[in-house]
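Take a look at the structure set out below.
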Amino acid sequence: MQGLVPAATDGNMATEFHNLQELRHSASLANKVFIQRDYSEGTTCRFQTKFPSELESRIERTLFEDTVKTLNNYYAEAEKIGGQSYLEGCLACATAYLIFLCMETRYEKVLKKIAKYIQEQNEKIYAPRGLLITDPIERGMRVVSFFAV
Amino acid sequence: MKNCEYQQIDPRALSVLPSSAQNHTEKKAQRPRRKWEVFPGKNRFFCDGRIILARQNGVLPLTLSLIIVTCGLFFAFDCPFLVKHLTVFIPVIGGVLFVFVVLSLLRTSFTDPGILPRATPDEAADVEKQIDTSGSSTYRPPPRTKEILINQQVVKLKYCFTCKTFRPPRTSHCSLCDNCVERFDHHCPWVGNCVGKRNYRFFYSFIISLSFLTSFIFGCVITHITLRTQAGKTIVQAIQESPARYPFLELVVCFFSIWSILGLSGFHTYLVASNLTTNEDIKGSWSSKRGAEDSGNPYTYNSIITNCCATLCGPMPPSLIDRRGFLPHDEAIPAVSASEIELPPFTAKNDAHMEENCQDISLSCTA
């Protein structure tokens with residue numbers, strides 16, 4: 001463990017560090033893969049559809065892209081600014097926002113649909129391949145995480 | 001962000017693990033805990049996690065009492081006179097405005113402004129890995145910003161050392177609440193909470209309705225005093241005659257608050273119309289003083305009406321922190337799980353490239 005002390009010689013440290021990087025990389029392969037958010041269209045919720053190299057041996061590219069694109073479509077539907085969201089907003093304002101206490105918002109309805117879709121995908125597609133997806137809402141909408149079981 | 005504030009994944013959490021195995025059977029007997037009880041930010045929770053407030057909410061009672069006392073005086077002393085001399089709608093309008101103001105204020109104060117939960121240890125390690133592999137084989141500290149394109153414009157994302165993740169665009173870390181808040185506008189002490197994506201519309205309706213309320217009360221008190229003077233008395237006599245000079249107190253409160261509240265309303269109306277936040281406006285993130293560079297606001301819809309509708313009547317996003325969810329039993333300690341014991345010693349290596357103390361590294365080496 002001496003190589004980890006920063007006061008050690010620089011030459012040893014570089015090789016030690018490189019080996020540890022590889023070890024950590026393979027350790028995380030066994031654990032989790034994270035798909036990050038795609039902000040190219042603003043702050044709306046979208047995830048990157050780029051196929052991560054760690055999943056190459058585990059799942060077909062098309063299935064992965066299908067899943068992520070469907071999730072992106074669901075989120076776009078939830079965050080769509082149109083007639084229904086304006087109506088909801090104006091009604092809420094007129095009732096001094098008390099209506100949120102009794103009514104479920106459209107976003108919450110879509111989130112339930114997403115949860116069901118993810119469960120379905122897990123059962124049909126991912127669990128047979130030894131993977132599971134976590135719902136992004138459990139990770140603060142930052143990532144879609146795939147982990148090996 | 002000062003580099004010396006960076007804290008790696010806590011190695012002390014590892015030392016908790018062996019004892020947790022023994023305590024596991026004990027924990028099963030304890031009642032299940034909710035997530036708000038272990039929330040890492042500086043917030044206070046009430047009603048079993050239904051209500052969230054900033055830790056320092058000292059001025060919120062002042063705001064509430066100012067509003068309630070002024071309206072109380074208005075209803076008690078001005079309304080009887082005005083109902084007799086003018087119309088019965090005066091207390092009705094006053095009542096409606098008062099209810100709207102108080103409800104908006106409470107809604108702004110008690111709602112989660114859009115707090116981003118902190119990254120789990122796995123995610124933090126993954127982000128660390130990406131930062132490392134994207135460049136430095138030198139010993140310089142890896143850059144903690146990421147540049148992305150939003151609507152063909154370059155935006156810099158900063159890494160948050162407390163939340164261990166790259167902040168989404170328009171997100172800022174509030175030092176008073178110690179949370180990253182989405183679409184962070186500002187931390188309002190009068191309201192006792194941050195104003196962010198989820199409660200901006202409540203805040204806006206609060207200040208607009210408060211402007212109407214103060215103007216309305218101001219107008220009614222002026223009318224009251226004027227009507228009394230028309231009966232042939234001087235202003236001083238009129239004030240002395242009206243019950244114990246209270247209308248004068250209302251006048252003073254309303255006069256001073258009108259300027260500030262109207263000014264604030266006007267400012268926020270401009271922000272809503274141009275789809276900006278107070279934070280961006282103050283920092284001048286999208287101002288045109290950069291000259292030839294194309295640095296307009298990438299989030300604007302280029303139409304005042306669309307901007308207003310999107311900000312105020314857009315869909316209501318859900319709370320991401322799940323305050324009332326139950327903690328899973330085996331994660332009752334918000335720390336690493338068994339499979340992640342490998343990671344902290346490796347992440348400690350990155351600190352060698354930064355200027356921290358050696359103590360952290362030697363601690364993780366002994367883990």
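Lettering and numbering for the structure tokens are positional, with chains as A, B, ... in the shown order, residues counted from 1 in each chain, and ligands counted from 1 in the shown order.
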- Task: Would you list the contacts of region 207-214 of chain B as a ChimeraX atom specification, taking every protein, DNA or RNA residue within 8 Å and counting only C-alpha atoms, but skipping same-chain residues closer than 3 positions in sequence?
- Result: /B:94,97-98,100-101,203-204,217-218,254,257-258,261-262,264-265
Written selection (C-alpha atoms) as a compact mmCIF listing (two decimals), in the first residue's frame:
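Written out: selection-v9.txt:
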# COMPACT_ATOMS: atom_id res chain seq x y z
CA GLY B 94 -60.11 42.55 0.75
CA LEU B 97 -57.06 39.06 -1.70
CA PHE B 98 -55.99 38.29 1.87
CA PHE B 100 -55.00 34.37 -1.80
CA VAL B 101 -51.91 36.10 -0.38
CA PHE B 203 -43.89 33.01 -5.34
CA TYR B 204 -44.94 35.06 -8.33
CA ILE B 217 -55.55 48.70 1.57
CA PHE B 218 -53.58 51.87 0.90
CA CYS B 254 -48.56 50.02 3.17
CA SER B 257 -44.19 48.00 1.38
CA ILE B 258 -45.86 49.26 -1.80
CA ILE B 261 -43.40 44.98 -3.50
CA LEU B 262 -44.38 46.79 -6.67
CA LEU B 264 -40.22 43.36 -7.03
CA SER B 265 -43.36 42.44 -8.97
- May I have the residues of chain B within 6 Å of chain A, counting only C-alpha atoms, written as a PyMOL selection string? chain B and resi 100+117+149-151+313-315+320+352
- Query: Which polymer residues have any atom within 10 Å of an atom of Pro61 (chain B), counting only C-alpha atoms, with same-chain residues fewer than 4 positions away left out, as a PyMOL selection string?
  - Reply: chain B and resi 57+65-67+190-192
The selected residues should be written to file as a CSV table (one decimal), in the first residue's frame (atoms: N, CA, C and O atoms).
chain,number,residue,atom,x,y,z
B,57,ASN,N,-35.6,30.1,9.1
B,57,ASN,CA,-36.8,30.7,8.6
B,57,ASN,C,-37.3,31.8,9.6
B,57,ASN,O,-38.5,31.9,9.8
B,65,SER,N,-47.0,37.9,10.2
B,65,SER,CA,-47.6,38.7,11.2
B,65,SER,C,-47.8,40.1,10.6
B,65,SER,O,-48.9,40.8,10.9
B,66,LEU,N,-46.9,40.6,9.8
B,66,LEU,CA,-47.2,41.9,9.1
B,66,LEU,C,-48.4,41.9,8.3
B,66,LEU,O,-49.3,42.8,8.4
B,67,ILE,N,-48.6,40.8,7.5
B,67,ILE,CA,-49.7,40.7,6.6
B,67,ILE,C,-51.0,40.6,7.5
B,67,ILE,O,-52.0,41.3,7.3
B,190,TRP,N,-37.8,36.3,3.4
B,190,TRP,CA,-39.1,36.6,3.8
B,190,TRP,C,-40.1,35.4,3.7
B,190,TRP,O,-41.0,35.3,4.4
B,191,VAL,N,-39.7,34.5,2.8
B,191,VAL,CA,-40.6,33.4,2.6
B,191,VAL,C,-40.0,32.2,3.3
B,191,VAL,O,-40.7,31.2,3.5
B,192,GLY,N,-38.7,32.3,3.7
B,192,GLY,CA,-38.1,31.2,4.5
B,192,GLY,C,-37.8,30.0,3.7
B,192,GLY,O,-37.8,28.9,4.2
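Remark: for Glu60 (chain A), the closest of the candidate residues A:Tyr126, A:Leu132, A:Arg46, A:Glu77 is A:Tyr126 (distances computed over only C-alpha atoms).
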- Contact residues around Phe326 (chain B) with only C-alpha atoms at 7 Å, ignoring same-chain residues under 3 positions, as number ranges by chain: B: 32-35
- Task: Could you jot down the CA of Ala54 (chain B) to CA of Arg118 (chain B) separation for me, Å, one decimal place?
- Result: 17.0 Å
